[in-house]
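First up is the structure itself, then whatever we jot down about it.
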Amino acid sequence: MQISNQAWRRLYKVSIVGAIVLGAALGVFQSRQAALAQDAAPQTFIVQAGAGGPGNTDLLMFAPNNLQVHRGDTVTWALAGFHNVHFASAPSELVVMEDVNGAQVPSFNPAIAFPTIESGASYSGGDVNSGIPNEVPLFSLVIDLEPGTYSYLCDIHPGMAGTLTVVDSATAIPSPTEVTLQAGGEIGATVGAAMEAFSELTASMPMSTDGDTLNVQMGTPGAANVNAFFPNVAVIKAGQSVSWAHPEGTFEVHTVAWPSLMGQDIVPVERQGLPPALTVGPALAPSTPSGSSVGADGTFNSGGIFAGQTYTLTFTEPGVYPYVCSLHLGMQGVVVVEPQ
């Protein structure tokens, strides 16, 4: 059977179009295969563990709060502050009694302070802890986990927690750059909420009282703690009291003290054949019980005040009484006591 010139031309055009479509499809397939191959290569993701914000704010959060990874990827936590990374369902007890050279002494829990896995190791599940960073504030794990969601937390700041979701290799996940942008967005939103709370508390907390006790709030609740006293200037009459309240939902610990005991929260004590005991120092150990009276010398120390607790002092003599939180630089206030 003979084919006319016109038919040949139509067949030629159909063949060319078919080749173009097939080539385009093949190109898309090859590009997709290259992208998948790139996605399948192990990647390194950064998680911000804590951060500093404006207005003397501590961000007590992991950002991003949830991270998706593939098996074989590496996660590096940038530890900005006094934090650890502990894969566990609940935080460890912060202070325990330890034998220190024959005496039982309250100490910072060694199960928190010292690592149970080396940075850079492969993590295949179970209870592991980064410990408190020394010179290098980075902690990395190569993720060797089945698909699923795994929780971790900071023992020092109960409520500071994050999750790691491992997905199968065929599932697309955000790139490290996208993860960094996501973390920035989460941090920005948290800082914004903290600054709003700061403005509201500054405007609403009275500096004086018509009663016998003036209430002062210590910091702000939530993932962004504004390290400040509200109000930071308290004006009372001699014989009246100031009651400092640490609100529920706060991740931090604060103190009320004068003079400052900054840097004296943990005191290492050497032990024969054992790691040093990280004993509770003067800043965290109360020397002035709540309900005490303060005289003209103006010295007092509440020790650690935790979320939901209050601390009250009665000032008996007119004068100006400065005070600080010995755990947070720049967190300070003053009580002005006027004559009756």
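Letters for chains follow the order of the structure tokens (A, B, ...), residue numbers begin at 1 for each chain, and ligand numbers begin at 1 in the order shown.
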**Prompt:** Which neighbours of Gly333 of chain A fall inside 8 Å, counting only C-alpha atoms, when residues of the same chain fewer than 3 positions from it are skipped, and could you give them as JSON, numbers by chain?
**Reply:** {"A": [229, 231, 232, 233, 234, 322, 323, 324]}
**Request:** Determine which residues of segment 48-233 of chain A receive a DSSP assignment of helix (DSSP H, G or I), computed from the backbone, and state them as a PyMOL selection string.
**Result:** chain A and resi 110-113+176-204
Mind writing the picked residues with N, CA, C and O atoms as a compact mmCIF listing (two decimals), in the first residue's frame?
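The result, written out as selection00.txt:
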# COMPACT_ATOMS: atom_id res chain seq x y z
N PRO A 110 22.47 14.68 88.55
CA PRO A 110 23.50 14.30 87.58
C PRO A 110 22.92 13.63 86.33
O PRO A 110 23.55 13.65 85.28
N ALA A 111 21.71 13.04 86.47
CA ALA A 111 21.08 12.44 85.30
C ALA A 111 20.70 13.49 84.26
O ALA A 111 20.52 13.18 83.09
N ILE A 112 20.59 14.75 84.70
CA ILE A 112 20.34 15.86 83.78
C ILE A 112 21.65 16.47 83.31
O ILE A 112 21.83 16.76 82.13
N ALA A 113 22.56 16.64 84.24
CA ALA A 113 23.78 17.40 83.95
C ALA A 113 24.72 16.68 82.99
O ALA A 113 25.37 17.31 82.16
N PRO A 176 16.19 22.02 54.79
CA PRO A 176 16.79 22.71 55.94
C PRO A 176 16.58 24.22 55.93
O PRO A 176 16.37 24.82 57.00
N THR A 177 16.60 24.83 54.75
CA THR A 177 16.36 26.27 54.68
C THR A 177 14.93 26.60 55.08
O THR A 177 14.69 27.56 55.83
N GLU A 178 13.97 25.80 54.60
CA GLU A 178 12.58 26.02 54.97
C GLU A 178 12.36 25.82 56.47
O GLU A 178 11.58 26.53 57.10
N VAL A 179 13.06 24.85 57.04
CA VAL A 179 12.96 24.60 58.47
C VAL A 179 13.47 25.80 59.26
O VAL A 179 12.88 26.21 60.26
N THR A 180 14.58 26.39 58.82
CA THR A 180 15.13 27.56 59.49
C THR A 180 14.16 28.73 59.43
O THR A 180 13.97 29.46 60.42
N LEU A 181 13.51 28.91 58.29
CA LEU A 181 12.51 29.98 58.16
C LEU A 181 11.31 29.71 59.06
O LEU A 181 10.77 30.64 59.68
N GLN A 182 10.90 28.46 59.14
CA GLN A 182 9.79 28.10 60.02
C GLN A 182 10.13 28.40 61.47
O GLN A 182 9.32 28.97 62.22
N ALA A 183 11.36 28.06 61.87
CA ALA A 183 11.80 28.33 63.24
C ALA A 183 11.77 29.83 63.52
O ALA A 183 11.32 30.26 64.59
N GLY A 184 12.25 30.63 62.57
CA GLY A 184 12.23 32.08 62.73
C GLY A 184 10.83 32.61 62.90
O GLY A 184 10.59 33.52 63.73
N GLY A 185 9.88 32.06 62.15
CA GLY A 185 8.49 32.49 62.28
C GLY A 185 7.91 32.16 63.65
O GLY A 185 7.20 32.97 64.25
N GLU A 186 8.22 30.97 64.16
CA GLU A 186 7.72 30.57 65.47
C GLU A 186 8.32 31.44 66.58
O GLU A 186 7.62 31.85 67.50
N ILE A 187 9.62 31.72 66.46
CA ILE A 187 10.27 32.57 67.45
C ILE A 187 9.69 33.98 67.41
O ILE A 187 9.39 34.59 68.45
N GLY A 188 9.50 34.51 66.21
CA GLY A 188 8.94 35.85 66.07
C GLY A 188 7.55 35.97 66.67
O GLY A 188 7.24 36.95 67.37
N ALA A 189 6.70 34.95 66.44
CA ALA A 189 5.35 34.99 66.99
C ALA A 189 5.37 34.93 68.51
O ALA A 189 4.60 35.62 69.19
N THR A 190 6.29 34.14 69.07
CA THR A 190 6.39 34.01 70.52
C THR A 190 6.90 35.29 71.14
O THR A 190 6.41 35.73 72.19
N VAL A 191 7.89 35.90 70.52
CA VAL A 191 8.41 37.18 71.02
C VAL A 191 7.31 38.25 70.98
O VAL A 191 7.16 39.03 71.92
N GLY A 192 6.53 38.27 69.91
CA GLY A 192 5.46 39.25 69.81
C GLY A 192 4.46 39.12 70.94
O GLY A 192 4.03 40.13 71.53
N ALA A 193 4.09 37.88 71.28
CA ALA A 193 3.15 37.66 72.38
C ALA A 193 3.76 38.10 73.71
O ALA A 193 3.07 38.67 74.56
N ALA A 194 5.05 37.85 73.89
CA ALA A 194 5.72 38.25 75.14
C ALA A 194 5.77 39.76 75.28
O ALA A 194 5.56 40.31 76.37
N MET A 195 6.05 40.46 74.19
CA MET A 195 6.11 41.92 74.25
C MET A 195 4.73 42.52 74.52
O MET A 195 4.61 43.53 75.22
N GLU A 196 3.70 41.88 74.02
CA GLU A 196 2.34 42.34 74.30
C GLU A 196 2.02 42.17 75.79
O GLU A 196 1.47 43.07 76.44
N ALA A 197 2.42 41.00 76.35
CA ALA A 197 2.21 40.76 77.77
C ALA A 197 3.00 41.74 78.62
O ALA A 197 2.52 42.24 79.64
N PHE A 198 4.23 42.04 78.19
CA PHE A 198 5.07 42.99 78.91
C PHE A 198 4.39 44.36 78.97
O PHE A 198 4.34 45.00 80.03
N SER A 199 3.86 44.81 77.84
CA SER A 199 3.21 46.13 77.80
C SER A 199 1.97 46.16 78.69
O SER A 199 1.74 47.14 79.42
N GLU A 200 1.18 45.09 78.65
CA GLU A 200 -0.04 45.05 79.45
C GLU A 200 0.27 45.04 80.94
O GLU A 200 -0.37 45.75 81.73
N LEU A 201 1.26 44.24 81.34
CA LEU A 201 1.61 44.17 82.76
C LEU A 201 2.21 45.48 83.26
O LEU A 201 1.92 45.93 84.37
N THR A 202 3.06 46.09 82.43
CA THR A 202 3.67 47.35 82.82
C THR A 202 2.62 48.43 83.05
O THR A 202 2.72 49.25 83.97
N ALA A 203 1.58 48.40 82.23
CA ALA A 203 0.52 49.42 82.34
C ALA A 203 -0.47 49.12 83.45
O ALA A 203 -1.09 50.04 84.00
N SER A 204 -0.64 47.83 83.80
CA SER A 204 -1.75 47.47 84.69
C SER A 204 -1.36 47.20 86.13
O SER A 204 -2.21 47.28 87.03
**Request:** Report as number ranges by chain: the residues of segment 146-286 of chain A with a DSSP assignment of strand (DSSP E or B), based on the backbone of this structure.
**Result:** A: 148-153, 161-167, 213-218, 222, 224-226, 229-230, 233-237, 241-245, 250, 254, 257-258, 266-271, 274-280
**Message:** When you count only C-alpha atoms, which of these residues is closest to Leu214 of chain A: A:Thr299, A:Thr165, A:Thr312, A:Asn65?
**Reply:**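 Among A:Thr299, A:Thr165, A:Thr312, A:Asn65, it is A:Thr312 that comes nearest to Leu214 of chain A.
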**For atom CA of Ser175 of chain A and atom CA of Val47 of chain A, the interatomic separation in Å (one decimal)** = 12.9 Å
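Each of A:Val226, A:Val142, A:Val336, A:Val167 was compared to Gln68 of chain A using only C-alpha atoms, and A:Val167 turns out to be the nearest.
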